[in-house]
Structure formats: C-alpha cells, structure tokens
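Here is the file final.cif (mmCIF, C-alpha atoms, pLDDT in the B column; chains and numbers go by the auth columns).
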data_entry
#
loop_
_atom_site.group_PDB
_atom_site.id
_atom_site.type_symbol
_atom_site.label_atom_id
_atom_site.label_comp_id
_atom_site.label_asym_id
_atom_site.label_seq_id
_atom_site.Cartn_x
_atom_site.Cartn_y
_atom_site.Cartn_z
_atom_site.B_iso_or_equiv
_atom_site.auth_seq_id
_atom_site.auth_asym_id
ATOM 1 C CA MET A 1 -71.312 -9.951 -12.808 48.00 1 A
ATOM 2 C CA SER A 2 -68.695 -7.953 -14.664 49.00 2 A
ATOM 3 C CA GLY A 3 -65.733 -9.817 -16.116 48.00 3 A
ATOM 4 C CA TYR A 4 -63.281 -7.761 -14.044 55.00 4 A
ATOM 5 C CA GLN A 5 -63.721 -8.437 -10.343 52.00 5 A
ATOM 6 C CA LEU A 6 -61.025 -7.709 -7.745 48.00 6 A
ATOM 7 C CA SER A 7 -60.645 -8.568 -4.082 49.00 7 A
ATOM 8 C CA GLY A 8 -58.141 -8.337 -1.238 54.00 8 A
ATOM 9 C CA ASP A 9 -55.377 -5.797 -1.870 59.00 9 A
ATOM 10 C CA ALA A 10 -55.907 -5.854 -5.650 57.00 10 A
ATOM 11 C CA PRO A 11 -57.997 -2.623 -5.741 61.00 11 A
ATOM 12 C CA LYS A 12 -55.120 -0.652 -4.190 67.00 12 A
ATOM 13 C CA ALA A 13 -52.693 -2.102 -6.722 67.00 13 A
ATOM 14 C CA TYR A 14 -55.233 -1.268 -9.433 68.00 14 A
ATOM 15 C CA THR A 15 -55.040 2.410 -8.488 67.00 15 A
ATOM 16 C CA HIS A 16 -51.252 2.418 -8.416 70.00 16 A
ATOM 17 C CA TYR A 17 -50.383 0.356 -11.481 71.00 17 A
ATOM 18 C CA LEU A 18 -53.331 0.577 -13.866 74.00 18 A
ATOM 19 C CA TYR A 19 -53.847 4.307 -13.512 76.00 19 A
ATOM 20 C CA PRO A 20 -50.776 5.051 -15.704 74.00 20 A
ATOM 21 C CA LEU A 21 -52.404 3.055 -18.518 79.00 21 A
ATOM 22 C CA MET A 22 -55.704 4.947 -18.244 85.00 22 A
ATOM 23 C CA ALA A 23 -54.618 8.431 -17.191 86.00 23 A
ATOM 24 C CA PRO A 24 -53.739 9.702 -20.697 87.00 24 A
ATOM 25 C CA PHE A 25 -57.354 9.055 -21.741 95.00 25 A
ATOM 26 C CA THR A 26 -59.347 9.922 -18.607 96.00 26 A
ATOM 27 C CA ASP A 27 -59.387 13.687 -19.063 96.00 27 A
ATOM 28 C CA GLU A 28 -60.408 13.321 -22.715 97.00 28 A
ATOM 29 C CA LEU A 29 -63.363 11.200 -21.676 98.00 29 A
ATOM 30 C CA ILE A 30 -64.532 13.918 -19.295 98.00 30 A
ATOM 31 C CA ARG A 31 -63.934 16.792 -21.716 98.00 31 A
ATOM 32 C CA ASP A 32 -65.982 15.023 -24.390 98.00 32 A
ATOM 33 C CA ALA A 33 -69.027 15.106 -22.077 98.00 33 A
ATOM 34 C CA ARG A 34 -68.979 18.927 -21.842 97.00 34 A
ATOM 35 C CA CYS A 35 -70.102 19.034 -18.218 98.00 35 A
ATOM 36 C CA GLU A 36 -71.906 22.214 -17.217 98.00 36 A
ATOM 37 C CA GLU A 37 -72.405 23.894 -13.854 98.00 37 A
ATOM 38 C CA GLY A 38 -74.816 21.873 -11.736 98.00 38 A
ATOM 39 C CA ASP A 39 -74.918 18.835 -14.030 98.00 39 A
ATOM 40 C CA ARG A 40 -75.823 15.513 -12.455 98.00 40 A
ATOM 41 C CA VAL A 41 -72.976 13.190 -13.495 98.00 41 A
ATOM 42 C CA LEU A 42 -72.827 9.400 -13.121 98.00 42 A
ATOM 43 C CA ASP A 43 -69.592 7.406 -13.428 98.00 43 A
ATOM 44 C CA VAL A 44 -70.659 3.854 -14.351 98.00 44 A
ATOM 45 C CA ALA A 45 -68.317 0.993 -13.442 95.00 45 A
ATOM 46 C CA CYS A 46 -66.417 3.608 -11.471 95.00 46 A
ATOM 47 C CA GLY A 47 -63.987 1.142 -9.887 90.00 47 A
ATOM 48 C CA THR A 48 -61.716 3.014 -7.489 90.00 48 A
ATOM 49 C CA GLY A 49 -62.967 6.331 -8.853 93.00 49 A
ATOM 50 C CA PHE A 50 -60.386 7.366 -11.467 90.00 50 A
ATOM 51 C CA VAL A 51 -62.944 9.306 -13.498 96.00 51 A
ATOM 52 C CA ALA A 52 -65.274 10.611 -10.799 97.00 52 A
ATOM 53 C CA LYS A 53 -62.377 12.134 -8.887 95.00 53 A
ATOM 54 C CA ARG A 54 -61.155 14.059 -11.951 96.00 54 A
ATOM 55 C CA ILE A 55 -64.461 15.591 -13.107 97.00 55 A
ATOM 56 C CA ALA A 56 -64.256 18.862 -11.183 97.00 56 A
ATOM 57 C CA ALA A 57 -60.617 19.527 -12.074 96.00 57 A
ATOM 58 C CA VAL A 58 -61.078 18.769 -15.779 97.00 58 A
ATOM 59 C CA SER A 59 -64.467 20.396 -16.363 97.00 59 A
ATOM 60 C CA GLY A 60 -63.837 23.452 -14.214 97.00 60 A
ATOM 61 C CA VAL A 61 -67.431 23.422 -12.967 98.00 61 A
ATOM 62 C CA GLN A 62 -69.216 22.077 -9.932 97.00 62 A
ATOM 63 C CA CYS A 63 -71.378 19.023 -10.603 98.00 63 A
ATOM 64 C CA LYS A 64 -73.306 16.567 -8.477 98.00 64 A
ATOM 65 C CA ILE A 65 -71.228 13.433 -8.970 98.00 65 A
ATOM 66 C CA SER A 66 -72.195 9.813 -8.357 98.00 66 A
ATOM 67 C CA GLY A 67 -70.250 6.606 -8.909 98.00 67 A
ATOM 68 C CA LEU A 68 -71.661 3.104 -9.405 98.00 68 A
ATOM 69 C CA ASP A 69 -69.813 -0.198 -9.261 96.00 69 A
ATOM 70 C CA LEU A 70 -70.628 -3.825 -8.520 93.00 70 A
ATOM 71 C CA ASN A 71 -67.337 -4.506 -6.752 89.00 71 A
ATOM 72 C CA GLU A 72 -67.367 -3.641 -3.042 91.00 72 A
ATOM 73 C CA PRO A 73 -63.568 -3.747 -2.548 88.00 73 A
ATOM 74 C CA MET A 74 -63.101 -1.284 -5.424 87.00 74 A
ATOM 75 C CA LEU A 75 -65.761 1.013 -3.955 93.00 75 A
ATOM 76 C CA ASN A 76 -64.082 0.881 -0.560 91.00 76 A
ATOM 77 C CA VAL A 77 -61.056 2.548 -2.135 90.00 77 A
ATOM 78 C CA ALA A 78 -63.248 5.036 -4.012 93.00 78 A
ATOM 79 C CA ARG A 79 -65.125 6.022 -0.846 95.00 79 A
ATOM 80 C CA GLN A 80 -61.992 7.609 0.554 92.00 80 A
ATOM 81 C CA GLU A 81 -62.824 10.565 -1.711 91.00 81 A
ATOM 82 C CA PRO A 82 -65.414 12.861 -0.049 91.00 82 A
ATOM 83 C CA GLY A 83 -68.057 14.841 -1.893 94.00 83 A
ATOM 84 C CA ILE A 84 -69.067 12.022 -4.248 97.00 84 A
ATOM 85 C CA GLU A 85 -72.011 9.668 -3.762 98.00 85 A
ATOM 86 C CA TRP A 86 -70.863 6.070 -4.214 98.00 86 A
ATOM 87 C CA TYR A 87 -73.361 3.313 -4.985 98.00 87 A
ATOM 88 C CA LEU A 88 -72.986 -0.460 -4.974 97.00 88 A
ATOM 89 C CA GLY A 89 -75.038 -1.904 -7.827 96.00 89 A
ATOM 90 C CA SER A 90 -75.238 -3.479 -11.252 94.00 90 A
ATOM 91 C CA VAL A 91 -75.277 -1.522 -14.496 95.00 91 A
ATOM 92 C CA ALA A 92 -77.973 -3.930 -15.696 92.00 92 A
ATOM 93 C CA GLU A 93 -80.345 -2.667 -12.995 94.00 93 A
ATOM 94 C CA MET A 94 -79.139 0.718 -11.862 97.00 94 A
ATOM 95 C CA PRO A 95 -80.797 2.048 -8.688 96.00 95 A
ATOM 96 C CA PHE A 96 -81.781 5.365 -10.273 98.00 96 A
ATOM 97 C CA PRO A 97 -85.041 6.702 -11.742 98.00 97 A
ATOM 98 C CA ASP A 98 -85.397 7.513 -15.439 98.00 98 A
ATOM 99 C CA LYS A 99 -83.774 10.788 -16.569 98.00 99 A
ATOM 100 C CA SER A 100 -81.715 11.129 -13.372 98.00 100 A
ATOM 101 C CA PHE A 101 -78.478 12.389 -14.944 98.00 101 A
ATOM 102 C CA ASP A 102 -77.255 14.952 -17.443 98.00 102 A
ATOM 103 C CA VAL A 103 -74.016 13.079 -18.120 98.00 103 A
ATOM 104 C CA VAL A 104 -73.081 9.397 -17.931 98.00 104 A
ATOM 105 C CA LEU A 105 -69.404 8.443 -18.107 98.00 105 A
ATOM 106 C CA CYS A 106 -67.996 4.937 -18.421 98.00 106 A
ATOM 107 C CA GLN A 107 -64.277 4.272 -18.677 96.00 107 A
ATOM 108 C CA GLN A 108 -63.266 0.748 -19.693 95.00 108 A
ATOM 109 C CA GLY A 109 -66.458 -0.901 -18.484 95.00 109 A
ATOM 110 C CA LEU A 110 -68.784 -1.700 -21.356 97.00 110 A
ATOM 111 C CA GLN A 111 -66.700 -4.561 -22.763 95.00 111 A
ATOM 112 C CA TYR A 112 -66.904 -6.467 -19.454 92.00 112 A
ATOM 113 C CA PHE A 113 -70.673 -6.440 -19.013 94.00 113 A
ATOM 114 C CA PRO A 114 -72.338 -9.801 -19.772 92.00 114 A
ATOM 115 C CA ASP A 115 -75.104 -8.016 -21.726 96.00 115 A
ATOM 116 C CA ARG A 116 -73.605 -4.943 -23.350 97.00 116 A
ATOM 117 C CA GLN A 117 -76.832 -3.942 -25.041 97.00 117 A
ATOM 118 C CA ALA A 118 -78.782 -4.053 -21.782 97.00 118 A
ATOM 119 C CA ALA A 119 -76.020 -2.050 -20.094 97.00 119 A
ATOM 120 C CA ILE A 120 -76.001 0.777 -22.620 98.00 120 A
ATOM 121 C CA ARG A 121 -79.806 0.848 -22.614 98.00 121 A
ATOM 122 C CA GLU A 122 -79.676 1.386 -18.859 98.00 122 A
ATOM 123 C CA MET A 123 -77.181 4.211 -19.344 98.00 123 A
ATOM 124 C CA ALA A 124 -79.548 5.769 -21.877 98.00 124 A
ATOM 125 C CA ARG A 125 -82.532 5.278 -19.560 98.00 125 A
ATOM 126 C CA VAL A 126 -81.027 7.294 -16.732 98.00 126 A
ATOM 127 C CA LEU A 127 -80.011 10.140 -19.053 98.00 127 A
ATOM 128 C CA ALA A 128 -82.238 13.192 -19.282 98.00 128 A
ATOM 129 C CA PRO A 129 -83.238 14.374 -22.785 98.00 129 A
ATOM 130 C CA GLY A 130 -80.203 16.016 -24.322 98.00 130 A
ATOM 131 C CA GLY A 131 -77.928 14.265 -21.835 98.00 131 A
ATOM 132 C CA ARG A 132 -74.530 12.996 -22.996 98.00 132 A
ATOM 133 C CA LEU A 133 -73.003 9.537 -22.793 98.00 133 A
ATOM 134 C CA SER A 134 -69.211 9.494 -22.970 98.00 134 A
ATOM 135 C CA LEU A 135 -67.423 6.156 -22.772 98.00 135 A
ATOM 136 C CA ASN A 136 -64.259 4.466 -23.922 98.00 136 A
ATOM 137 C CA VAL A 137 -63.004 0.925 -24.547 97.00 137 A
ATOM 138 C CA TRP A 138 -59.594 -0.401 -25.493 96.00 138 A
ATOM 139 C CA GLY A 139 -58.617 -0.940 -29.123 96.00 139 A
ATOM 140 C CA ALA A 140 -57.892 -4.401 -30.503 95.00 140 A
ATOM 141 C CA LEU A 141 -55.458 -6.548 -28.527 94.00 141 A
ATOM 142 C CA GLU A 142 -53.076 -6.980 -31.463 94.00 142 A
ATOM 143 C CA ARG A 143 -52.444 -3.219 -31.392 94.00 143 A
ATOM 144 C CA GLN A 144 -51.457 -3.109 -27.692 95.00 144 A
ATOM 145 C CA PRO A 145 -47.769 -4.119 -27.435 96.00 145 A
ATOM 146 C CA VAL A 146 -47.378 -4.108 -23.657 94.00 146 A
ATOM 147 C CA ILE A 147 -50.617 -6.058 -23.161 94.00 147 A
ATOM 148 C CA LEU A 148 -49.536 -8.640 -25.713 95.00 148 A
ATOM 149 C CA ALA A 149 -46.292 -9.064 -23.789 97.00 149 A
ATOM 150 C CA LEU A 150 -48.172 -9.444 -20.512 95.00 150 A
ATOM 151 C CA GLY A 151 -50.496 -12.005 -22.057 95.00 151 A
ATOM 152 C CA ASP A 152 -47.547 -14.026 -23.297 96.00 152 A
ATOM 153 C CA ALA A 153 -46.002 -13.991 -19.811 97.00 153 A
ATOM 154 C CA ILE A 154 -49.285 -14.971 -18.154 96.00 154 A
ATOM 155 C CA LYS A 155 -49.645 -17.994 -20.415 95.00 155 A
ATOM 156 C CA LYS A 156 -46.029 -18.997 -19.850 97.00 156 A
ATOM 157 C CA PHE A 157 -45.999 -18.667 -16.061 97.00 157 A
ATOM 158 C CA LEU A 158 -49.658 -19.118 -15.037 96.00 158 A
ATOM 159 C CA GLY A 159 -51.262 -21.095 -17.843 95.00 159 A
ATOM 160 C CA PRO A 160 -53.582 -20.097 -20.705 91.00 160 A
ATOM 161 C CA THR A 161 -56.798 -19.951 -18.676 92.00 161 A
ATOM 162 C CA ALA A 162 -55.292 -17.246 -16.434 92.00 162 A
ATOM 163 C CA ALA A 163 -55.317 -14.862 -19.407 89.00 163 A
ATOM 164 C CA GLU A 164 -58.953 -15.307 -20.414 86.00 164 A
ATOM 165 C CA TRP A 165 -60.042 -12.028 -18.793 84.00 165 A
ATOM 166 C CA MET A 166 -57.527 -10.217 -21.011 87.00 166 A
ATOM 167 C CA THR A 167 -59.285 -11.338 -24.193 88.00 167 A
ATOM 168 C CA LEU A 168 -62.538 -9.895 -22.839 90.00 168 A
ATOM 169 C CA ALA A 169 -60.872 -6.591 -21.988 91.00 169 A
ATOM 170 C CA TYR A 170 -60.057 -5.965 -25.667 94.00 170 A
ATOM 171 C CA SER A 171 -63.084 -7.615 -27.233 95.00 171 A
ATOM 172 C CA LEU A 172 -65.193 -4.532 -28.047 97.00 172 A
ATOM 173 C CA ASN A 173 -62.946 -2.798 -30.526 96.00 173 A
ATOM 174 C CA THR A 174 -64.687 -1.689 -33.725 97.00 174 A
ATOM 175 C CA ALA A 175 -66.519 1.502 -34.622 98.00 175 A
ATOM 176 C CA GLU A 176 -69.330 -0.576 -36.094 98.00 176 A
ATOM 177 C CA GLU A 177 -70.013 -2.334 -32.776 98.00 177 A
ATOM 178 C CA LEU A 178 -70.058 0.911 -30.822 98.00 178 A
ATOM 179 C CA HIS A 179 -72.347 2.632 -33.325 98.00 179 A
ATOM 180 C CA SER A 180 -74.695 -0.343 -33.277 98.00 180 A
ATOM 181 C CA LEU A 181 -74.902 -0.389 -29.479 98.00 181 A
ATOM 182 C CA ALA A 182 -75.602 3.345 -29.341 98.00 182 A
ATOM 183 C CA ARG A 183 -78.226 3.194 -32.084 98.00 183 A
ATOM 184 C CA ASP A 184 -80.076 0.250 -30.538 97.00 184 A
ATOM 185 C CA ALA A 185 -80.185 2.099 -27.201 98.00 185 A
ATOM 186 C CA GLY A 186 -81.959 5.016 -28.861 98.00 186 A
ATOM 187 C CA LEU A 187 -78.984 7.365 -28.595 98.00 187 A
ATOM 188 C CA LYS A 188 -78.373 10.027 -31.230 98.00 188 A
ATOM 189 C CA GLN A 189 -75.452 11.885 -32.805 98.00 189 A
ATOM 190 C CA ALA A 190 -73.075 9.034 -31.973 98.00 190 A
ATOM 191 C CA LYS A 191 -69.446 9.734 -32.772 98.00 191 A
ATOM 192 C CA VAL A 192 -66.612 7.230 -32.462 98.00 192 A
ATOM 193 C CA ARG A 193 -62.953 8.156 -32.593 98.00 193 A
ATOM 194 C CA PHE A 194 -59.745 6.195 -32.112 98.00 194 A
ATOM 195 C CA GLU A 195 -56.890 7.700 -30.119 97.00 195 A
ATOM 196 C CA THR A 196 -53.386 6.388 -29.429 96.00 196 A
ATOM 197 C CA ARG A 197 -51.229 7.764 -26.631 95.00 197 A
ATOM 198 C CA THR A 198 -47.747 6.937 -25.389 94.00 198 A
ATOM 199 C CA ILE A 199 -47.878 5.208 -22.029 91.00 199 A
ATOM 200 C CA ARG A 200 -44.794 5.825 -19.901 92.00 200 A
ATOM 201 C CA TYR A 201 -43.501 3.951 -16.904 92.00 201 A
ATOM 202 C CA PRO A 202 -39.956 4.038 -15.494 94.00 202 A
ATOM 203 C CA ASP A 203 -39.414 0.278 -15.378 95.00 203 A
ATOM 204 C CA ALA A 204 -41.167 -2.225 -17.664 95.00 204 A
ATOM 205 C CA ALA A 205 -40.540 -5.209 -15.384 96.00 205 A
ATOM 206 C CA ALA A 206 -41.898 -3.351 -12.345 93.00 206 A
ATOM 207 C CA LEU A 207 -45.005 -2.334 -14.285 92.00 207 A
ATOM 208 C CA ALA A 208 -45.573 -5.953 -15.333 95.00 208 A
ATOM 209 C CA THR A 209 -45.330 -7.412 -11.832 94.00 209 A
ATOM 210 C CA GLY A 210 -47.336 -4.557 -10.342 90.00 210 A
ATOM 211 C CA PHE A 211 -49.992 -4.826 -13.027 89.00 211 A
ATOM 212 C CA MET A 212 -50.502 -8.487 -12.202 91.00 212 A
ATOM 213 C CA GLN A 213 -51.402 -7.598 -8.618 86.00 213 A
ATOM 214 C CA ALA A 214 -54.348 -5.588 -10.002 82.00 214 A
ATOM 215 C CA THR A 215 -55.956 -8.233 -12.196 84.00 215 A
ATOM 216 C CA PRO A 216 -58.373 -11.148 -11.740 83.00 216 A
ATOM 217 C CA ALA A 217 -55.264 -13.352 -11.873 88.00 217 A
ATOM 218 C CA ALA A 218 -53.692 -11.609 -8.853 87.00 218 A
ATOM 219 C CA GLY A 219 -54.109 -14.657 -6.615 88.00 219 A
ATOM 220 C CA LEU A 220 -52.343 -16.953 -9.049 93.00 220 A
ATOM 221 C CA PHE A 221 -49.522 -14.469 -9.491 94.00 221 A
ATOM 222 C CA ALA A 222 -49.136 -14.018 -5.719 92.00 222 A
ATOM 223 C CA ALA A 223 -48.655 -17.786 -5.376 95.00 223 A
ATOM 224 C CA LEU A 224 -45.565 -17.729 -7.606 96.00 224 A
ATOM 225 C CA ALA A 225 -42.160 -17.949 -5.992 97.00 225 A
ATOM 226 C CA ASP A 226 -40.318 -14.613 -5.815 97.00 226 A
ATOM 227 C CA ASP A 227 -37.811 -15.870 -8.373 98.00 227 A
ATOM 228 C CA ASP A 228 -40.594 -16.681 -10.823 98.00 228 A
ATOM 229 C CA LYS A 229 -42.176 -13.258 -10.273 97.00 229 A
ATOM 230 C CA ALA A 230 -38.859 -11.668 -11.196 98.00 230 A
ATOM 231 C CA LYS A 231 -38.614 -13.886 -14.280 98.00 231 A
ATOM 232 C CA PHE A 232 -42.164 -12.866 -15.218 98.00 232 A
ATOM 233 C CA GLY A 233 -41.194 -9.182 -15.139 97.00 233 A
ATOM 234 C CA ALA A 234 -37.990 -9.821 -17.049 98.00 234 A
ATOM 235 C CA HIS A 235 -39.915 -11.755 -19.698 98.00 235 A
ATOM 236 C CA VAL A 236 -42.261 -8.812 -20.304 98.00 236 A
ATOM 237 C CA ALA A 237 -39.379 -6.327 -20.342 97.00 237 A
ATOM 238 C CA GLU A 238 -37.606 -8.416 -22.975 98.00 238 A
ATOM 239 C CA GLN A 239 -40.744 -8.567 -25.109 97.00 239 A
ATOM 240 C CA VAL A 240 -41.110 -4.757 -25.112 97.00 240 A
ATOM 241 C CA LYS A 241 -37.428 -3.786 -25.207 97.00 241 A
ATOM 242 C CA GLY A 242 -37.997 -2.003 -28.510 98.00 242 A
ATOM 243 C CA TYR A 243 -40.214 0.470 -26.634 98.00 243 A
ATOM 244 C CA ILE A 244 -37.680 1.352 -23.927 97.00 244 A
ATOM 245 C CA ASP A 245 -35.832 4.662 -24.103 97.00 245 A
ATOM 246 C CA ASP A 246 -33.573 6.488 -21.638 97.00 246 A
ATOM 247 C CA ALA A 247 -36.577 7.315 -19.420 96.00 247 A
ATOM 248 C CA GLY A 248 -37.982 3.798 -19.351 96.00 248 A
ATOM 249 C CA LEU A 249 -40.995 2.275 -21.075 96.00 249 A
ATOM 250 C CA ALA A 250 -42.685 4.364 -23.788 96.00 250 A
ATOM 251 C CA VAL A 251 -45.313 2.173 -25.427 95.00 251 A
ATOM 252 C CA PRO A 252 -48.377 3.015 -27.574 95.00 252 A
ATOM 253 C CA GLN A 253 -51.832 2.273 -26.183 94.00 253 A
ATOM 254 C CA GLU A 254 -54.961 2.536 -28.340 96.00 254 A
ATOM 255 C CA ASN A 255 -58.331 3.640 -26.985 97.00 255 A
ATOM 256 C CA HIS A 256 -61.731 4.064 -28.668 98.00 256 A
ATOM 257 C CA PHE A 257 -64.163 6.791 -27.575 98.00 257 A
ATOM 258 C CA LEU A 258 -67.920 6.956 -28.037 98.00 258 A
ATOM 259 C CA LEU A 259 -69.912 10.145 -27.491 98.00 259 A
ATOM 260 C CA ALA A 260 -73.698 10.113 -27.950 98.00 260 A
ATOM 261 C CA VAL A 261 -76.751 12.157 -26.947 98.00 261 A
ATOM 262 C CA ARG A 262 -80.076 11.037 -25.456 97.00 262 A
#
Any chance you could put this one into structure tokens?
Amino acid sequence: MSGYQLSGDAPKAYTHYLYPLMAPFTDELIRDARCEEGDRVLDVACGTGFVAKRIAAVSGVQCKISGLDLNEPMLNVARQEPGIEWYLGSVAEMPFPDKSFDVVLCQQGLQYFPDRQAAIREMARVLAPGGRLSLNVWGALERQPVILALGDAIKKFLGPTAAEWMTLAYSLNTAEELHSLARDAGLKQAKVRFETRTIRYPDAAALATGFMQATPAAGLFAALADDDKAKFGAHVAEQVKGYIDDAGLAVPQENHFLLAVR
C-alpha cells in the first residue's frame, strides 16, 4: 500500500486544496515528457487525475491516456473525466504488458511506495524502447515553509504520530537518490532538476484547515472542535506571516523533477 491513502470526502478536498500546491509544477511535468500525437501515456499514482486531465491541453496533441491508482475513492473522483481509461491497481504489479506505453508520468508518487526500486522498475518495464519517464517529488521538508508550519500545527493539535505521513512525503529529496533509482531500473539519459515556485492562496488559515481535510490525518482533524480547528488555522497563519502579502499567502515550494529514457 502507498503511504498516502484517502477515504470518505477526503479525495474531493484533495482536489480543491492540494491542487494549488501542485498546479505550478504539473504542466512542467507533462512538457518534459514531450508527448507526441498518438502516444500511449500512463499516469501512475494518478490520484484524482490532476496530471492525466491536463495532458491534452499542455501537449497540444491527442494521446491515448490511462491512469492507475491503488485508492478507489481517489479514482472515483478521477472517473468523472471521460476519455481516459482509469485502472485500479498497484504500481508494484501493474496490469499492463511489457512495452505498453510511450510515456509514463508520476506526480508526487514515488516517495510513498513501500519499494521505490520495484516501483520504478515497473515503470521502466511498461515503457517501450525510447519511451520517456517523467516524474517529480517534493524537495526536502526543511525547505518547505508552509509544510513546516502545518507539521508544527499537526503535532500541537493532533499529536506527533499524526504527522508521520508528512515525513514520508518529503523523504525522497536528493539528486543522488533519483539518479540511483533511474540507473538501477535500466533507464538512460537521466536528468534531475530542482525547481521552486511561489504557491499562492488567498487565506493561509483557510488553506491550512482545508489541506487537513485532504490528508491521511483527515479523520483526526474532523474530530476536533470547531474552535480548535480555527486555532489550528490561525497557528499556521502566524507561522507563515512573513510570506503573506496584500493578495494573501505567497510561499515558496520546492519540487524535484526526473526525466529518463527507456
């Protein structure tokens, strides 16, 4: 199982509140893959379909697009988008023959897989010769101000164990690790680059409380009294007040990209 599993209403909140954190990087991920007309494209750990739903608009070509995720509630949200084939399954044992795809995309998934090496080998297996793997993972936690603030609030209001998933989310954060994973999977021409973008949201406290509804700790957060939820949001807003301008929150977010060829 992946380390990021959602249930109940959390997948809908995921789309609404986590998309602003990922959106500045999603189109870059797709552009890196250089999709061509008719390419068979797989979005691994597709979640609610952020990436799969943007491929046509960003690439400007028509591709045969598939999405794979282990989380049924997330896929139920994704399936509202027609024209894409959605599959329930594990990245460790993908239900596709060898050389099935020309492009494999994976946004913020690799760090959660219990066996990262097995996962990237599976991605390589389903790629045709010359096919491209384009993925990204978050940079180190200490370089993510809003996430640090959220982690501090989680520990304060929900207890330290409620934040364990957050450590995993930012645990694959060096160029050396990404190069090693690509090399051991038999991928070639691997390139890693770090990118930082400004994440904007009108209200820091609202982002914090909304974000919590889209995490593995959503149940614990929902059990808080309304007053404590408001205090949680205020705590995060205070922690990031140095990143608030006249339009709201404007905080840096670091992302690491890997592009490699089969």
Taking the file as shown, find all residues satisfying the PyMOL selection byres ((chain A and resi 42) around 7) and write them as a ChimeraX atom specification. /A:40-41,43-44,65-67,101,103-105
Might you pull out every residue within 9 Å of Gly248 of chain A, with all atoms listed in the file counted and same-chain residues fewer than 2 positions away left off, and present them as JSON, numbers by chain? {"A": [200, 201, 202, 203, 204, 243, 244, 245, 246, 250]}
Around (-83.3, 0.3, -28.9) in the file's own coordinates, what residues are found within 8 Å if you use all atoms listed in the file, given back as a PyMOL selection string? chain A and resi 121+183-186
I need the residue set behind the PyMOL selection byres ((chain A and resi 133) around 7) for this file; please write it as a PDB file with C-alpha atoms, keeping the file's coordinate frame.
ATOM      1  CA  ALA A  33     -69.027  15.106 -22.077  1.00 98.00           C
ATOM      2  CA  VAL A 103     -74.016  13.079 -18.120  1.00 98.00           C
ATOM      3  CA  VAL A 104     -73.081   9.397 -17.931  1.00 98.00           C
ATOM      4  CA  LEU A 105     -69.404   8.443 -18.107  1.00 98.00           C
ATOM      5  CA  GLY A 131     -77.928  14.265 -21.835  1.00 98.00           C
ATOM      6  CA  ARG A 132     -74.530  12.996 -22.996  1.00 98.00           C
ATOM      7  CA  SER A 134     -69.211   9.494 -22.970  1.00 98.00           C
ATOM      8  CA  LEU A 135     -67.423   6.156 -22.772  1.00 98.00           C
ATOM      9  CA  LEU A 259     -69.912  10.145 -27.491  1.00 98.00           C
ATOM     10  CA  ALA A 260     -73.698  10.113 -27.950  1.00 98.00           C
ATOM     11  CA  VAL A 261     -76.751  12.157 -26.947  1.00 98.00           C
TER      12      VAL A 261
END
Just the residues within 9 Å of His235 of chain A, please, counting all atoms listed in the file, with nothing from its chain fewer than 2 positions along; format it as number ranges by chain. A: 149-150, 152-153, 205, 230-233, 237-240
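Distance annotation: of A:Lys156, A:Leu258, A:Met123, A:Pro82, the residue with the minimal separation from Ala190 of chain A is A:Leu258; atom set is all atoms listed in the file.
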Within 8 Å of Lys99 of chain A, counting all atoms listed in the file, which residues show up once you throw out same-chain ones fewer than 6 positions away? Write them as a ChimeraX atom specification, please. /A:125-129
What would the selection look like, as a VMD selection string, if the PyMOL selection byres ((chain A and resi 117) around 9) were run on the coordinates I just shared? chain A and resid 113 115 to 116 118 to 122 181 to 182 184 to 185
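Proximity of A:Leu207, A:Val77, A:Ala57, A:Ala45 to Val146 of chain A, computed with only C-alpha atoms, is greatest for A:Leu207.
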Using all atoms listed in the file: which of A:Pro160, A:Pro145, A:Pro97, A:Gly109 has the shortest distance to Lys241 of chain A: A:Pro145
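Among the candidates A:Ala162, A:Leu220, A:Val137, A:Leu172, the residue lying nearest to Leu29 of chain A is A:Val137 (atoms considered: all atoms listed in the file).
Nearest residue to Thr209 of chain A among A:Arg31, A:Lys229, A:Lys191, A:Arg79 is A:Lys229, counting only C-alpha atoms.
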Grab the atom CA of Leu141 of chain A to atom CA of Val91 of chain A distance for me, in Å with one decimal place. 24.8 Å
In Å, how far is it from atom CA of Glu177 of chain A to atom CA of Asp98 of chain A? 25.2 Å
Please complete segment 19-27 of chain A with N, CA, C and O atoms and give it back as a JSON list (two decimals), keeping the file's coordinate frame.
[["chain", "number", "residue", "atom", "x", "y", "z"],
["A", 19, "TYR", "N", -53.58, 2.90, -13.22],
["A", 19, "TYR", "CA", -53.85, 4.31, -13.51],
["A", 19, "TYR", "C", -52.93, 4.85, -14.61],
["A", 19, "TYR", "O", -53.40, 5.59, -15.48],
["A", 20, "PRO", "N", -51.62, 4.53, -14.62],
["A", 20, "PRO", "CA", -50.78, 5.05, -15.70],
["A", 20, "PRO", "C", -51.24, 4.64, -17.09],
["A", 20, "PRO", "O", -51.00, 5.37, -18.06],
["A", 21, "LEU", "N", -51.91, 3.49, -17.22],
["A", 21, "LEU", "CA", -52.40, 3.06, -18.52],
["A", 21, "LEU", "C", -53.65, 3.83, -18.93],
["A", 21, "LEU", "O", -53.92, 4.02, -20.12],
["A", 22, "MET", "N", -54.44, 4.27, -17.95],
["A", 22, "MET", "CA", -55.70, 4.95, -18.24],
["A", 22, "MET", "C", -55.60, 6.46, -18.21],
["A", 22, "MET", "O", -56.37, 7.16, -18.89],
["A", 23, "ALA", "N", -54.69, 6.99, -17.42],
["A", 23, "ALA", "CA", -54.62, 8.43, -17.19],
["A", 23, "ALA", "C", -54.56, 9.26, -18.47],
["A", 23, "ALA", "O", -55.21, 10.31, -18.56],
["A", 24, "PRO", "N", -53.79, 8.87, -19.50],
["A", 24, "PRO", "CA", -53.74, 9.70, -20.70],
["A", 24, "PRO", "C", -55.08, 9.85, -21.41],
["A", 24, "PRO", "O", -55.23, 10.73, -22.27],
["A", 25, "PHE", "N", -56.06, 9.01, -21.07],
["A", 25, "PHE", "CA", -57.35, 9.06, -21.74],
["A", 25, "PHE", "C", -58.49, 9.57, -20.85],
["A", 25, "PHE", "O", -59.55, 9.93, -21.35],
["A", 26, "THR", "N", -58.28, 9.58, -19.54],
["A", 26, "THR", "CA", -59.35, 9.92, -18.61],
["A", 26, "THR", "C", -59.87, 11.34, -18.82],
["A", 26, "THR", "O", -61.07, 11.58, -18.88],
["A", 27, "ASP", "N", -58.96, 12.30, -18.91],
["A", 27, "ASP", "CA", -59.39, 13.69, -19.06],
["A", 27, "ASP", "C", -60.12, 13.91, -20.38],
["A", 27, "ASP", "O", -61.08, 14.70, -20.44]]
